[in-house]
Amino acid sequence: MTEHVTVEHEAGILTLTLARPDKKNALSNAMYGVLADEMEKAENDSAVRVIIFQGDGDSFTSGNDLGDFTAQATGGFSGERHVGRFLKALANATRPLIAAVHGQAVGVGTTMLLHCDLVFVAPNARLTVPFVNLALVPEAASSWLLPARIGHARAYAMFALGEAVDGPTALAWGLANGLVPLEDLRARARAAAEQLAKRPLGALTVTKRLMRDAEKIAALMDTEGALFAERLRTAEAREAFMAFAERRPADFSKIA
Ligand code: COA
């Protein structure tokens, strides 16, 4: 275990388990760093043929650590930020990516699923992208990928109203391949990974490349990232993060 991510590599399958259950696996900068490092290494390691993402505890992930957002919003964050590297690794991944999702999948916890090739959800999965509630904007190319997958109306309600999508709905809307009882979730993801690990890597790689426009995705991530960074420094965002820390509803009414 490094920095709240457990890394296991066995029989061609790299399993990256978010392991910060007391914070619902909120993603710290260090955790993004580990995920990015592992995904970058995997690209150059022919022994890694498939990657699985999963979360310990009762949730997949509650998204970006809001304490880190607050630090960025108030200029209290220094050093290298790894989230961009993680997102680019998702955009450019040639290996099949599989996610096993239960409980909360907030923000990047949902947008990263749009880069996964197979997604299995438990009935209690709760997919949310409440960027506007946090006075932020969509990231990880989700401003394009989410409406492309589920249609503008549903995507807008998720982004702007923060509406949650549960496991059965995620399956019905094409966000997931399978709805799996919680107790079987990891085994289902593992079984799919074992199947993919036996497939010819070259054919898998070219198939994935044909199916997605990685260059367009990476370019959009840059555009979104610049706007996201700008939004983080707004009075709206400071109010949203303060409200979360103080466990009260945000009040944007006095902010012009
Ligand atoms: N960043 C930092 N800490 C987080 C977190 C996050 N994104 N999400 C949850 N936590 C922490 C809580 O502060 C709490 O810590 P504490 O026990 O020290 O007080 C702990 O994790 C448990 O969370 P809690 O809010 O008590 O659980 P819940 O079941 O009532 O609610 C969520 C779960 C995920 C709905 C709620 O925590 C939440 O909305 N989190 C913020 C999600 C978010 O906006 N992420 C950013 C998206 S861009």
# chains A, B, ... in the order shown; residues from 1 in each chain; ligands from 1
call {"tool": "residues_near_ligand", "arguments": {"ligand": "ligand 1", "cutoff": "6 Å", "atoms": "only C-alpha atoms and all ligand atoms", "output": "ChimeraX atom specification"}}
result
/A:22-24,26,62-67,104,106-107,131
call {"tool": "write_last_selection", "arguments": {"atoms": "N, CA, C and O atoms", "output": "compact mmCIF listing (two decimals), in the first residue's frame"}}
result
# COMPACT_ATOMS: atom_id res chain seq x y z
N ASP A 22 -11.95 5.68 5.41
CA ASP A 22 -12.51 6.62 6.40
C ASP A 22 -12.91 7.94 5.74
O ASP A 22 -13.73 8.68 6.28
N LYS A 23 -12.37 8.24 4.57
CA LYS A 23 -12.74 9.46 3.83
C LYS A 23 -13.47 9.08 2.55
O LYS A 23 -13.43 9.81 1.56
N LYS A 24 -14.11 7.92 2.55
CA LYS A 24 -14.84 7.44 1.36
C LYS A 24 -13.94 7.43 0.13
O LYS A 24 -14.38 7.74 -0.98
N ALA A 26 -11.70 9.54 -0.79
CA ALA A 26 -11.45 10.84 -1.42
C ALA A 26 -10.03 10.83 -1.96
O ALA A 26 -9.10 10.35 -1.31
N SER A 62 -15.28 9.27 -3.13
CA SER A 62 -16.03 10.52 -2.99
C SER A 62 -15.40 11.63 -3.80
O SER A 62 -15.71 12.82 -3.59
N GLY A 63 -14.51 11.28 -4.73
CA GLY A 63 -13.97 12.26 -5.66
C GLY A 63 -12.77 13.00 -5.10
O GLY A 63 -12.16 12.56 -4.11
N ASN A 64 -12.46 14.08 -5.74
CA ASN A 64 -11.28 14.86 -5.33
C ASN A 64 -11.39 15.26 -3.86
O ASN A 64 -12.46 15.63 -3.39
N ASP A 65 -10.27 15.18 -3.15
CA ASP A 65 -10.25 15.61 -1.76
C ASP A 65 -10.60 17.10 -1.69
O ASP A 65 -9.91 17.93 -2.27
N LEU A 66 -11.67 17.40 -0.98
CA LEU A 66 -12.13 18.79 -0.94
C LEU A 66 -11.18 19.67 -0.13
O LEU A 66 -11.11 20.88 -0.35
N GLY A 67 -10.41 19.05 0.76
CA GLY A 67 -9.38 19.82 1.48
C GLY A 67 -8.32 20.31 0.50
O GLY A 67 -7.84 21.45 0.60
N GLN A 104 -20.68 5.45 -3.18
CA GLN A 104 -20.48 6.76 -3.81
C GLN A 104 -19.43 6.71 -4.91
O GLN A 104 -18.36 6.12 -4.74
N VAL A 106 -18.29 9.91 -6.78
CA VAL A 106 -18.54 11.35 -6.93
C VAL A 106 -17.49 11.97 -7.86
O VAL A 106 -16.30 11.60 -7.79
N GLY A 107 -17.90 12.93 -8.65
CA GLY A 107 -16.97 13.70 -9.47
C GLY A 107 -16.13 12.81 -10.35
O GLY A 107 -16.64 12.05 -11.19
N PHE A 131 -20.50 19.09 -10.09
CA PHE A 131 -19.50 20.16 -10.26
C PHE A 131 -20.11 21.53 -10.02
O PHE A 131 -19.50 22.39 -9.39
call {"tool": "residues_around", "arguments": {"residues": "A:Pro138", "least_positions_apart": "6", "cutoff": "8 Å", "atoms": "only C-alpha atoms", "output": "MDAnalysis selection string"}}
result
chainID A and resid 129 131 159 224 228
call {"tool": "residues_around", "arguments": {"residues": "stretch 178-190 of chain A", "least_positions_apart": "4", "cutoff": "10 Å", "atoms": "only C-alpha atoms", "output": "PyMOL selection string"}}
result
chain A and resi 13+15+50-55+98-103+118-125+167-172+174+194-196
call {"tool": "closest_residue", "arguments": {"among": "A:Ala164, A:Ala226, A:Ala192, A:Val5", "to": "A:Pro21", "atoms": "only C-alpha atoms"}}
result
A:Val5
call {"tool": "closest_residue", "arguments": {"among": "A:Thr128, A:Thr234, A:Asn133, A:Ser28", "to": "A:His82", "atoms": "only C-alpha atoms"}}
result
A:Ser28
call {"tool": "closest_residue", "arguments": {"among": "A:Ala73, A:Leu146, A:Leu175, A:Val83", "to": "A:Tyr32", "atoms": "only C-alpha atoms"}}
result
A:Val83
call {"tool": "select_by_dssp", "arguments": {"residues": "stretch 14-143 of chain A", "states": "helix (DSSP H, G or I)", "output": "number ranges by chain"}}
result
A: 21-23, 29-43, 66-73, 83-92, 108-115, 132-134, 142-143
call {"tool": "closest_residue", "arguments": {"among": "A:Ala93, A:Ala160, A:Met242, A:Ala141", "to": "A:Gly225", "atoms": "only C-alpha atoms"}}
result
A:Ala141
call {"tool": "atom_distance", "arguments": {"atom1": "atom CA of A:Arg20", "atom2": "atom CA of A:Gln72"}}
result
21.1 Å
call {"tool": "residues_around", "arguments": {"residues": "A:Ala47", "least_positions_apart": "6", "cutoff": "12 Å", "atoms": "only C-alpha atoms", "output": "ChimeraX atom specification"}}
result
/A:9-14,41,95,197-198,201
call {"tool": "closest_residue", "arguments": {"among": "A:Arg126, A:Arg247, A:Arg233, A:Arg149", "to": "A:Thr61", "atoms": "only C-alpha atoms"}}
result
A:Arg126
call {"tool": "select_by_dssp", "arguments": {"residues": "stretch 144-209 of chain A", "states": "strand (DSSP E)", "output": "number ranges by chain"}}
result
A: 165-166, 178-179
call {"tool": "write_last_selection", "arguments": {"atoms": "N, CA, C and O atoms", "output": "PDB file, in the first residue's frame"}}
result
ATOM      1  N   VAL A 165     -27.276   8.993 -10.088  1.00  0.00           N
ATOM      2  CA  VAL A 165     -27.687   7.846 -10.898  1.00  0.00           C
ATOM      3  C   VAL A 165     -27.355   6.587 -10.103  1.00  0.00           C
ATOM      4  O   VAL A 165     -26.195   6.386  -9.707  1.00  0.00           O
ATOM      5  N   ASP A 166     -28.345   5.758  -9.861  1.00  0.00           N
ATOM      6  CA  ASP A 166     -28.071   4.541  -9.088  1.00  0.00           C
ATOM      7  C   ASP A 166     -27.627   3.399 -10.017  1.00  0.00           C
ATOM      8  O   ASP A 166     -27.585   3.563 -11.248  1.00  0.00           O
ATOM      9  N   GLY A 178     -22.735  -4.142 -16.444  1.00  0.00           N
ATOM     10  CA  GLY A 178     -23.440  -5.133 -15.651  1.00  0.00           C
ATOM     11  C   GLY A 178     -23.785  -4.614 -14.274  1.00  0.00           C
ATOM     12  O   GLY A 178     -23.048  -3.792 -13.699  1.00  0.00           O
ATOM     13  N   LEU A 179     -24.925  -5.068 -13.773  1.00  0.00           N
ATOM     14  CA  LEU A 179     -25.361  -4.773 -12.403  1.00  0.00           C
ATOM     15  C   LEU A 179     -25.109  -6.050 -11.610  1.00  0.00           C
ATOM     16  O   LEU A 179     -25.653  -7.107 -11.948  1.00  0.00           O
TER      17      LEU A 179
END
call {"tool": "closest_residue", "arguments": {"among": "A:Thr94, A:Thr223, A:Ser253, A:Ser78", "to": "A:Arg49", "atoms": "only C-alpha atoms"}}
result
A:Thr94
call {"tool": "residues_around", "arguments": {"residues": "stretch 206-216 of chain A", "least_positions_apart": "5", "cutoff": "12 Å", "atoms": "only C-alpha atoms", "output": "VMD selection string"}}
result
chain A and resid 87 to 97 114 to 118 140 to 141 144 to 145 199 to 201 221 to 223
